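Everything on this sheet refers to the single structure shown next.
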Amino acid sequence: MPKHKISFQLYSARNFPPLETVLEGLAKIGYDAVEPYYPLYGEDPAGYRAKVDAVGLATPTFHAPMDGVTGETARFIDIAKTIGAHTIVIPYLGAEDRPADVDGWKKLGEKLAATAQTVKAAGLGLGYHNHDFEYATLSDGSRPIDHLIGNGVASELDLGWVVRAGKDAAPEIDKLASDVIAFHIKDIAPAGTTVEDGWADVGHGVVDWAALWPHIQKAPNAGLLVAEHDNPADWKRFAERSFAAIKSFAV
């Protein structure tokens, strides 16, 4: 059973520069780590690392684009080592990049698995972060997520998107448990809520975290809980309330 560290997806604060102020605030709240999005660190990985180090935070995972990770693998391996990350995470597939059929998803999974071997040889891990479309049923009854995770590709399981996909999160956690390296702890506002794109601060939405926690605990390699909100009106409110909520159930 891993001892969980609490991280913050910096995409949640993208509309509230400067980065230094956000990092200082997160450190004061008590976060252990941050997870940056591309291109936040891309032009100056060493400069990014210095800002994070200055406040005593860490960057165990970071989001990097699919085309970059698979096409410029060596570059992103170097970035990972520069910023101190152990896992590169692919965060999203644009609609134009999503396969149209089962065979396409299988081939994409094979491509990711091959990249994962290169990343592993460098002493790092490769992960994939889901949204809701990976849970759509394909013609053979499988789902895209079934073809993307495994064979060296870990899951950064976004529980908010699993719930938005209409799935019961508990069995989905159990199914991927051995492959999960981090959970995105993301809450959903009550049905009909449109403010902040329908997302909520962790513990202030409809996700039953107390019920999910025993399942989260059983994922043997998932030592990281990443707070995320796609569009908060106030990043610090989200960060403070979410940290308190996660601390309350992550016991």
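Going through the structure tokens in order, the chains are called A, B, and so on, while each chain numbers its residues from 1 and the ligands are numbered from 1 in the order shown.
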
What are the nearest atom pairs, with distances in Å to one decimal, for all residues of segment 127-216 of chain A that come at most 12 Å from segment 52-75 of chain A, using only C-alpha atoms, set out by chain and rising residue number as a tab-separated table?
residue	atom	partner	partner_atom	distance
A:Gly127	CA	A:Thr61	CA	9.0
A:Tyr128	CA	A:His63	CA	9.1
A:His129	CA	A:His63	CA	8.6
A:Asn130	CA	A:His63	CA	11.9
A:Ala154	CA	A:Thr61	CA	11.9
A:Ser155	CA	A:Thr61	CA	11.9
A:Glu156	CA	A:Thr61	CA	9.6
A:Ile181	CA	A:Thr61	CA	9.6
A:Ala182	CA	A:Thr61	CA	8.8
A:Phe183	CA	A:Thr61	CA	11.3
A:His184	CA	A:Thr61	CA	11.6

DSSP on the backbone: which residues in segment 66-159 of chain A end up as strand (DSSP E)? Give the answer as a compact mmCIF listing (two decimals) with C-alpha atoms, in the first residue's frame.
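Below you can see states_22.txt, which holds the result:
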# COMPACT_ATOMS: atom_id res chain seq x y z
CA THR A 87 7.20 9.40 -15.43
CA ILE A 88 6.24 11.10 -18.70
CA VAL A 89 2.45 11.25 -19.10
CA ILE A 90 0.57 11.70 -22.36
CA GLY A 125 8.14 5.41 -17.01
CA LEU A 126 5.49 6.28 -19.59
CA GLY A 127 1.90 6.92 -18.58
CA TYR A 128 -1.38 7.81 -20.26
CA HIS A 129 -4.03 10.15 -18.79
CA VAL A 153 2.24 1.88 -20.44
CA ALA A 154 0.97 2.98 -17.03
CA SER A 155 -2.32 4.68 -16.21
CA GLU A 156 -2.70 8.12 -14.71
CA LEU A 157 -6.35 7.49 -13.94
CA ASP A 158 -8.49 10.63 -13.98

Neighbouring residues of Ala227 of chain A were defined as those with any atom within 8 Å, considering only C-alpha atoms; residues of the same chain fewer than 2 positions away were excluded. Please report them as a ChimeraX atom specification.
/A:6-9,184-186,202,225,229,239,242-243

Could you write out the selected residues, including C-alpha atoms, as a tab-separated table (two decimals), in the first residue's frame?
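Output file selection-v6.tsv is given in full below:
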chain	number	residue	atom	x	y	z
A	6	ILE	CA	-0.33	15.12	-2.98
A	7	SER	CA	0.41	16.91	-6.24
A	8	PHE	CA	-1.24	19.77	-8.14
A	9	GLN	CA	-1.78	19.85	-11.90
A	184	HIS	CA	-6.14	12.54	-10.87
A	185	ILE	CA	-8.46	13.56	-8.06
A	186	LYS	CA	-11.05	15.60	-9.89
A	202	VAL	CA	-12.41	18.20	-4.56
A	225	LEU	CA	-2.76	11.95	-5.89
A	229	HIS	CA	-9.80	21.40	-11.98
A	239	ALA	CA	-6.01	24.39	-4.21
A	242	SER	CA	-9.00	20.34	-2.49
A	243	PHE	CA	-5.89	19.81	-0.38

Can you check which residues of segment 15-147 of chain A DSSP gives as helix (DSSP H, G or I) on the backbone and send them as a ChimeraX atom specification?
/A:19-29,45-54,66-71,73-83,95-97,102-121,133-135,144-147

Pick from A:Gly30, A:Gly160, A:Pro144, A:Pro171 nearest to Glu228 of chain A, counting only C-alpha atoms:
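Closest to Glu228 of chain A of all the choices is A:Gly160.
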
Work out how far atom CA of Ala13 of chain A is from atom CA of Ala136 of chain A, in Å to one decimal.
29.5 Å

Would you list the contacts of Ala116 of chain A as number ranges by chain, taking every protein, DNA or RNA residue within 8 Å and counting only C-alpha atoms, but skipping same-chain residues closer than 2 positions in sequence?
A: 112-114, 118-120, 125-126, 152-153

Can you write out the residues you just picked, keeping N, CA and C atoms, as a PDB file, in the first residue's frame?
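The result, written out as out_24.pdb:
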ATOM      1  N   LEU A 112       2.510   3.051 -28.387  1.00  0.00           N
ATOM      2  CA  LEU A 112       2.830   3.535 -27.053  1.00  0.00           C
ATOM      3  C   LEU A 112       3.698   2.532 -26.307  1.00  0.00           C
ATOM      4  N   ALA A 113       3.396   1.248 -26.467  1.00  0.00           N
ATOM      5  CA  ALA A 113       4.180   0.213 -25.794  1.00  0.00           C
ATOM      6  C   ALA A 113       5.631   0.235 -26.257  1.00  0.00           C
ATOM      7  N   ALA A 114       5.841   0.456 -27.564  1.00  0.00           N
ATOM      8  CA  ALA A 114       7.200   0.524 -28.091  1.00  0.00           C
ATOM      9  C   ALA A 114       7.938   1.737 -27.524  1.00  0.00           C
ATOM     10  N   THR A 118      11.499   2.268 -24.845  1.00  0.00           N
ATOM     11  CA  THR A 118      12.604   3.228 -24.979  1.00  0.00           C
ATOM     12  C   THR A 118      12.734   4.071 -23.717  1.00  0.00           C
ATOM     13  N   VAL A 119      11.605   4.512 -23.207  1.00  0.00           N
ATOM     14  CA  VAL A 119      11.592   5.321 -21.991  1.00  0.00           C
ATOM     15  C   VAL A 119      12.099   4.502 -20.797  1.00  0.00           C
ATOM     16  N   LYS A 120      11.670   3.255 -20.730  1.00  0.00           N
ATOM     17  CA  LYS A 120      12.101   2.378 -19.631  1.00  0.00           C
ATOM     18  C   LYS A 120      13.613   2.171 -19.650  1.00  0.00           C
ATOM     19  N   GLY A 125       9.403   6.055 -16.677  1.00  0.00           N
ATOM     20  CA  GLY A 125       8.143   5.410 -17.014  1.00  0.00           C
ATOM     21  C   GLY A 125       7.331   6.250 -17.977  1.00  0.00           C
ATOM     22  N   LEU A 126       6.411   5.591 -18.683  1.00  0.00           N
ATOM     23  CA  LEU A 126       5.488   6.276 -19.588  1.00  0.00           C
ATOM     24  C   LEU A 126       4.068   6.004 -19.122  1.00  0.00           C
ATOM     25  N   GLY A 152       3.726  -2.058 -20.452  1.00  0.00           N
ATOM     26  CA  GLY A 152       4.687  -1.016 -20.106  1.00  0.00           C
ATOM     27  C   GLY A 152       4.114   0.379 -20.037  1.00  0.00           C
ATOM     28  N   VAL A 153       2.883   0.568 -20.486  1.00  0.00           N
ATOM     29  CA  VAL A 153       2.236   1.882 -20.435  1.00  0.00           C
ATOM     30  C   VAL A 153       1.362   1.944 -19.186  1.00  0.00           C
TER      31      VAL A 153
END

Atom pair atom CA of Asp132 of chain A / atom CA of Asp146 of chain A: separation (Å)
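Atom CA of Asp146 of chain A lies 13.1 Å from atom CA of Asp132 of chain A.
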
So that each row is one residue of segment 196-248 of chain A with an atom at most 10 Å from segment 15-26 of chain A, can you give its shortest atom pair and the distance in Å to one decimal, using only C-alpha atoms, rows by chain and rising number, as a Markdown table?
| residue | atom | partner | partner_atom | distance |
| --- | --- | --- | --- | --- |
| A:Asn231 | CA | A:Asn15 | CA | 8.6 |
| A:Pro232 | CA | A:Asn15 | CA | 9.1 |
| A:Ala233 | CA | A:Asn15 | CA | 9.1 |
| A:Asp234 | CA | A:Phe16 | CA | 8.4 |
| A:Trp235 | CA | A:Phe16 | CA | 7.3 |
| A:Lys236 | CA | A:Gly25 | CA | 7.5 |
| A:Ala239 | CA | A:Leu26 | CA | 7.3 |
| A:Glu240 | CA | A:Leu26 | CA | 8.3 |
| A:Phe243 | CA | A:Leu26 | CA | 9.5 |

Write out as an mmCIF file with all heavy atoms, in the first residue's frame which residues come within 9 Å of Thr82 of chain A when counting only C-alpha atoms, dropping same-chain ones fewer than 5 positions away.
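Once written, selection.cif looks like this:
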data_model
loop_
_atom_site.group_PDB
_atom_site.id
_atom_site.type_symbol
_atom_site.label_atom_id
_atom_site.label_comp_id
_atom_site.auth_asym_id
_atom_site.auth_seq_id
_atom_site.Cartn_x
_atom_site.Cartn_y
_atom_site.Cartn_z
ATOM 1 N N PRO A 45 13.592 23.903 -19.416
ATOM 2 C CA PRO A 45 13.368 22.917 -18.356
ATOM 3 C C PRO A 45 14.191 23.200 -17.094
ATOM 4 O O PRO A 45 13.687 23.038 -15.979
ATOM 5 C CB PRO A 45 13.784 21.593 -19.011
ATOM 6 C CG PRO A 45 13.601 21.827 -20.469
ATOM 7 C CD PRO A 45 13.966 23.259 -20.688
ATOM 8 N N ALA A 46 15.431 23.635 -17.270
ATOM 9 C CA ALA A 46 16.273 23.920 -16.107
ATOM 10 C C ALA A 46 15.727 25.112 -15.316
ATOM 11 O O ALA A 46 15.749 25.119 -14.077
ATOM 12 C CB ALA A 46 17.704 24.185 -16.545
ATOM 13 N N ARG A 49 12.766 23.922 -13.380
ATOM 14 C CA ARG A 49 13.224 23.132 -12.230
ATOM 15 C C ARG A 49 13.684 24.045 -11.090
ATOM 16 O O ARG A 49 13.387 23.787 -9.910
ATOM 17 C CB ARG A 49 14.357 22.201 -12.672
ATOM 18 C CG ARG A 49 15.069 21.444 -11.534
ATOM 19 C CD ARG A 49 14.200 20.353 -10.967
ATOM 20 N NE ARG A 49 14.870 19.632 -9.893
ATOM 21 C CZ ARG A 49 15.615 18.532 -10.073
ATOM 22 N NH1 ARG A 49 15.819 18.053 -11.303
ATOM 23 N NH2 ARG A 49 16.138 17.914 -9.047
ATOM 24 N N ILE A 77 12.842 12.549 -22.780
ATOM 25 C CA ILE A 77 13.612 11.853 -21.754
ATOM 26 C C ILE A 77 14.572 12.835 -21.083
ATOM 27 O O ILE A 77 14.704 12.868 -19.855
ATOM 28 C CB ILE A 77 14.377 10.660 -22.361
ATOM 29 C CG1 ILE A 77 13.388 9.528 -22.694
ATOM 30 C CG2 ILE A 77 15.459 10.162 -21.411
ATOM 31 C CD1 ILE A 77 14.008 8.384 -23.472
#

Please identify all polymer residues within 12 Å of Pro220 of chain A, counting only C-alpha atoms, omitting same-chain residues fewer than 5 positions from it, and present them as a ChimeraX atom specification.
/A:1-4,173-174,176-182,214-215

Excluding Arg164 of chain A and residues on its chain fewer than 4 positions from it, collect all residues at most 12 Å away from it, counting only C-alpha atoms, and give them as a PyMOL selection string.
chain A and resi 130-136+158-160+168-169+186-191+198-199+206-207
